[in-house]
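A.B. asks: I have a structure I would like to understand better, so I am pasting it below and will then ask my questions one at a time.
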Amino acid sequence: MTVSLHLFAFPVNLIVGLFIVSLGWKFRKLYRDKHMTIALLLLIAVALVQGFMPAHIAFTRMWPFVVVLTVFLIVLASRLFLKFSLAGFGLWLALWAGMLGTADASVTHIMVPRHEYARTSLPFTLRLEDFRVTRYQTGEPLEYRAQVSLQDINRRENPPHRRDDLSDLQEYSVLRTLRVNHPVNYKGHQVYLMDYDSAKGDLTEYCIVMVTRQPWRWLIFAGILLLLGGALKTFVS
Amino acid sequence: MTWEHFIYFAIATACCWIAGSVTAFLNHRNTFLWSAVVYATGIVVYASFIVAFWIFLQRPPLVTMGETRLWYSLFLAMAGLITYIRWRYKWILSLTTVMALVFLLINILRPEIHNQVLMPALQSVWFIPHVTVYMFSYALLACTFLLALAGLIRPSLNVLPAIDKLCRAGLSFFTVGMLLGALWAKQAWGNYWNWDPKETWAAITWLLYVFYFHLKSIRPKAYKYIYVSLIVAFLALQICWYGLQYLPSARGSMHNYALNIKR
């Protein structure tokens, strides 16, 4: 029942998205509060199913949920055509881009070793240079700091200059520090520090990073900002 | 100021709040002024404990359930006082007092962990606004719950105007808290929204409050249903806040900082 995300990879998701907009225009008589209330009830019902399910069963990636969310997006779009509201549009944009963008998003967990570059399927690779755990006096961790070097595989394999020049090779890699809550952006990817060998502490031989790519994130971000603006506007008025 | 001092502040606060609530029912020329001043004194005493506790901890007291309850009682009393000053319902102070004192009492009986550690996962600029904005909205929405209960029991009371204003403010703050959380989640977990159990229940709560506004607009005279929708929404909010701990489906929640030390 799970939606096969690869079927909706770009540009299919964009076409589906535009189709949702056109359906919203076609059925713009569904703009009334009555229709919105029904759509809300449907969405509440499927959200409740996810709420009572074990977290590892992603009901939100299954067809019933996606269909209801699509219906909600169509009804909300039809409403926006006739009764525009900032919060409504922000919600619509964030949900629309969030749903469709999932097909183009990727999440990869990589074990980054200390002495060699990790083997990855990404356009770049990583190596752990230094790992520091700062602790409170009580021994609990205060901060994790992983220094990694990131290397562009494409440029390493097709160097523009002489292949044997080591200093040249250095230029294809950059040093970055990863901390919890402070991901690093590199070549359109975001790199997050996830884990390390906690038994060895500073001497860990590896760290585990999560690399995400989310090309639609700017649309989701814009939707969130608009909804924030709408919420503040409601409060002020 | 350590946790041991809490009991003294709690007793002083409780005295002020109870005295203020009782004063509100008296028939005297200055009843309103006195009740408001006494109640506000309780809030100041209580808030001064939180400030001193914050300074002692050297980190914001917003991490454990017990610490969020501290704020909840504070904001609930504030919301009650604002409602009292604005709409002059003399019974609202008693209701918010009872509710605030319940949470205060839970903190005396089950203080839970209050140490100075703030784990790396919570060291973020989003942390304080995310939690305090949420707590403030929870308190405002609790006020609407109390008003809805009163309206359901005594249909002659006209509580809808107050509910509407409080709910509008409460839902605005709830939305802001949720979206600050989404922006933080992108920084911490790689995506704005992960359908983590806590997020799912926040979404359910949010949708239920939005549903209340729509129901009110299509059936403005169906008071009973309107009140019930608010009560149901408030129950969902309780699951979202602390009820999740008792829900088997939520065991793997990323929001469970007491268990996931490493995050």
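Here, A, B, ... name the chains of the structure tokens in the order displayed, residue numbers run from 1 inside each chain, and ligands are numbered from 1 in the same displayed order.
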Please return, as number ranges by chain, all residues of chain A lying within 9 Å of chain B when only C-alpha atoms are considered.

C.D. replies: A: 33-34, 36-37, 40-41, 43-45, 47-48, 50-56, 58, 60, 98, 107, 136, 138, 140-144, 179-183, 190-192, 194-195, 198, 210-212, 214, 217, 220-221, 224-225, 227-228, 230-236

A.B. asks: If you run DSSP over the backbone, which residues in stretch 101-222 of chain A end up helix (DSSP H, G or I)? Put them as a ChimeraX atom specification.

C.D. replies: /A:101-104,153-157,166-171,201-203,217-222

A.B. asks: Would you save the residues from that selection as a short mmCIF file (atom, residue, chain, number, x, y, z; two decimals), in the first residue's frame, using N, CA, C and O atoms?

C.D. replies:
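Written file, part_6.cif:
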data_model
loop_
_atom_site.label_atom_id
_atom_site.label_comp_id
_atom_site.auth_asym_id
_atom_site.auth_seq_id
_atom_site.Cartn_x
_atom_site.Cartn_y
_atom_site.Cartn_z
N GLY A 101 7.65 16.93 -2.95
CA GLY A 101 9.11 16.96 -2.87
C GLY A 101 9.70 15.68 -2.30
O GLY A 101 10.88 15.39 -2.52
N THR A 102 8.88 14.91 -1.56
CA THR A 102 9.37 13.66 -0.98
C THR A 102 9.94 12.73 -2.06
O THR A 102 10.90 12.01 -1.83
N ALA A 103 9.34 12.78 -3.25
CA ALA A 103 9.78 11.89 -4.33
C ALA A 103 11.20 12.22 -4.79
O ALA A 103 11.90 11.34 -5.31
N ASP A 104 11.62 13.47 -4.63
CA ASP A 104 12.98 13.86 -5.07
C ASP A 104 13.98 13.91 -3.92
O ASP A 104 15.16 14.16 -4.14
N ILE A 153 34.16 13.98 -5.59
CA ILE A 153 34.64 12.81 -6.34
C ILE A 153 34.87 13.14 -7.80
O ILE A 153 35.86 12.76 -8.42
N ASN A 154 33.98 13.90 -8.36
CA ASN A 154 34.05 14.24 -9.77
C ASN A 154 35.35 14.98 -10.09
O ASN A 154 36.04 14.67 -11.05
N ARG A 155 35.68 15.93 -9.25
CA ARG A 155 36.89 16.72 -9.50
C ARG A 155 38.14 15.93 -9.18
O ARG A 155 39.21 16.16 -9.75
N ARG A 156 38.01 14.98 -8.24
CA ARG A 156 39.18 14.15 -7.92
C ARG A 156 39.51 13.25 -9.10
O ARG A 156 40.67 13.02 -9.41
N GLU A 157 38.47 12.74 -9.75
CA GLU A 157 38.71 11.79 -10.84
C GLU A 157 39.00 12.47 -12.17
O GLU A 157 39.57 11.87 -13.06
N LEU A 166 50.01 16.68 -5.59
CA LEU A 166 49.24 16.46 -4.36
C LEU A 166 48.55 17.74 -3.86
O LEU A 166 47.43 17.71 -3.38
N SER A 167 49.24 18.86 -3.98
CA SER A 167 48.66 20.11 -3.47
C SER A 167 47.39 20.45 -4.25
O SER A 167 46.48 21.06 -3.72
N ASP A 168 47.38 20.02 -5.50
CA ASP A 168 46.19 20.23 -6.31
C ASP A 168 45.01 19.43 -5.74
O ASP A 168 43.90 19.91 -5.63
N LEU A 169 45.35 18.18 -5.40
CA LEU A 169 44.33 17.28 -4.88
C LEU A 169 43.71 17.86 -3.61
O LEU A 169 42.51 17.73 -3.37
N GLN A 170 44.53 18.51 -2.80
CA GLN A 170 44.04 19.09 -1.57
C GLN A 170 42.91 20.08 -1.81
O GLN A 170 42.01 20.22 -1.01
N GLU A 171 42.97 20.75 -2.95
CA GLU A 171 41.97 21.77 -3.22
C GLU A 171 40.57 21.20 -3.45
O GLU A 171 39.60 21.92 -3.36
N GLY A 201 34.79 7.36 22.83
CA GLY A 201 34.81 8.81 23.03
C GLY A 201 35.60 9.54 21.95
O GLY A 201 35.41 9.30 20.75
N ASP A 202 36.55 10.37 22.40
CA ASP A 202 37.37 11.16 21.46
C ASP A 202 38.12 10.28 20.46
O ASP A 202 38.46 10.71 19.37
N LEU A 203 38.42 9.04 20.89
CA LEU A 203 39.26 8.16 20.06
C LEU A 203 38.43 7.35 19.06
O LEU A 203 38.94 6.42 18.44
N ARG A 217 13.03 21.98 -0.75
CA ARG A 217 12.97 22.52 0.62
C ARG A 217 12.69 24.01 0.66
O ARG A 217 12.10 24.50 1.61
N TRP A 218 13.09 24.73 -0.38
CA TRP A 218 12.86 26.18 -0.35
C TRP A 218 11.39 26.52 -0.44
O TRP A 218 10.93 27.50 0.14
N LEU A 219 10.65 25.69 -1.18
CA LEU A 219 9.20 25.91 -1.26
C LEU A 219 8.54 25.62 0.08
O LEU A 219 7.64 26.35 0.51
N ILE A 220 8.98 24.53 0.72
CA ILE A 220 8.43 24.20 2.04
C ILE A 220 8.75 25.34 3.01
O ILE A 220 7.89 25.80 3.77
N PHE A 221 9.99 25.80 2.94
CA PHE A 221 10.44 26.89 3.81
C PHE A 221 9.58 28.14 3.59
O PHE A 221 9.11 28.78 4.55
N ALA A 222 9.33 28.46 2.31
CA ALA A 222 8.51 29.64 2.01
C ALA A 222 7.10 29.46 2.57
O ALA A 222 6.52 30.40 3.15
#

A.B. asks: Between atom CA of B:Leu95 and atom CA of B:Ala150, what is the distance in Å, rounded to a tenth?

C.D. replies: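 Between atom CA of B:Leu95 and atom CA of B:Ala150 the gap works out to 9.6 Å.
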
A.B. asks: I'd like the interatomic distance between atom CA of A:Ala94 and atom CA of A:Ile208, to a tenth of an Å.

C.D. replies: 29.7 Å

A.B. asks: Fewer than 4 positions away in the same chain doesn't count, so skip those; otherwise give me all residues within 10 Å of B:Phe49, counting only C-alpha atoms, as a CSV table (one decimal) with C-alpha atoms, in the first residue's frame.

C.D. replies:
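So result_26.csv came out as:
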chain,number,residue,atom,x,y,z
B,1,MET,CA,17.5,29.0,44.4
B,2,THR,CA,17.2,25.2,44.2
B,3,TRP,CA,14.3,22.8,43.8
B,5,HIS,CA,12.8,26.1,47.8
B,6,PHE,CA,10.0,25.5,45.4
B,8,TYR,CA,7.7,27.8,49.9
B,9,PHE,CA,7.1,29.7,46.7
B,10,ALA,CA,4.4,27.2,45.7
B,44,VAL,CA,4.9,37.6,40.4
B,45,VAL,CA,6.0,35.4,43.3
B,53,PHE,CA,15.7,28.6,39.3
B,54,TRP,CA,16.9,29.5,35.7
B,55,ILE,CA,19.8,31.4,37.1
B,70,LEU,CA,6.3,25.1,35.9

A.B. asks: Which residues, written as a count of residues only, have at least one atom at most 7 Å from B:Met135, with only C-alpha atoms counted and residues fewer than 3 positions away on the same chain left out?

C.D. replies: 6

A.B. asks: Excluding A:Val21 and residues on its chain fewer than 2 positions from it, collect all residues at most 12 Å away from it, counting only C-alpha atoms, and give them as a PyMOL selection string.

C.D. replies: chain A and resi 14-19+23-28+70-81+92-93+96

A.B. asks: Which residues, written as a PyMOL selection string, have at least one atom at most 8 Å from A:Cys207, with only C-alpha atoms counted and residues fewer than 6 positions away on the same chain left out?

C.D. replies: chain A and resi 111-113+128+146+193-197

A.B. asks: In Å to one decimal, how far is atom CA of B:Thr83 from atom CA of A:Leu86?

C.D. replies: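 Going from atom CA of A:Leu86 over to atom CA of B:Thr83, I get 28.0 Å.
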
A.B. asks: With distances taken over only C-alpha atoms, which of B:Pro161, B:Pro60, B:Pro111, B:Pro129 is nearest to B:Ile7?

C.D. replies: B:Pro111

A.B. asks: Counting only C-alpha atoms, what is within 10 Å of stretch 154-157 of chain B, bar same-chain residues fewer than 3 positions away, as a PyMOL selection string?

C.D. replies: chain B and resi 89+147-151+160+223-224

A.B. asks: With N, CA, C and O atoms kept, could you save the residues just selected as a tab-separated table (two decimals), in the first residue's frame?

C.D. replies:
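Now in again31.tsv:
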chain	number	residue	atom	x	y	z
B	89	TYR	N	-15.39	37.63	33.92
B	89	TYR	CA	-16.05	36.42	34.44
B	89	TYR	C	-15.45	36.17	35.82
B	89	TYR	O	-14.27	35.86	35.92
B	147	LEU	N	-13.68	27.35	29.80
B	147	LEU	CA	-14.85	28.14	29.40
B	147	LEU	C	-15.88	27.26	28.69
B	147	LEU	O	-17.09	27.40	28.91
B	148	ALA	N	-15.40	26.34	27.83
B	148	ALA	CA	-16.32	25.45	27.10
B	148	ALA	C	-17.05	24.54	28.08
B	148	ALA	O	-18.26	24.31	27.94
B	149	LEU	N	-16.32	24.03	29.08
B	149	LEU	CA	-16.97	23.20	30.11
B	149	LEU	C	-18.06	24.00	30.81
B	149	LEU	O	-19.19	23.52	30.99
B	150	ALA	N	-17.72	25.24	31.19
B	150	ALA	CA	-18.69	26.10	31.87
B	150	ALA	C	-19.91	26.32	30.98
B	150	ALA	O	-21.05	26.27	31.45
B	151	GLY	N	-19.67	26.56	29.70
B	151	GLY	CA	-20.76	26.79	28.76
B	151	GLY	C	-21.64	25.57	28.57
B	151	GLY	O	-22.86	25.67	28.38
B	160	LEU	N	-18.94	32.30	24.45
B	160	LEU	CA	-18.34	32.18	23.12
B	160	LEU	C	-17.44	33.36	22.72
B	160	LEU	O	-16.38	33.13	22.13
B	223	TYR	N	-24.23	25.44	19.81
B	223	TYR	CA	-23.31	25.68	20.92
B	223	TYR	C	-22.74	24.39	21.49
B	223	TYR	O	-21.56	24.29	21.76
B	224	LYS	N	-23.63	23.41	21.65
B	224	LYS	CA	-23.21	22.16	22.26
B	224	LYS	C	-22.06	21.52	21.48
B	224	LYS	O	-21.03	21.15	22.04
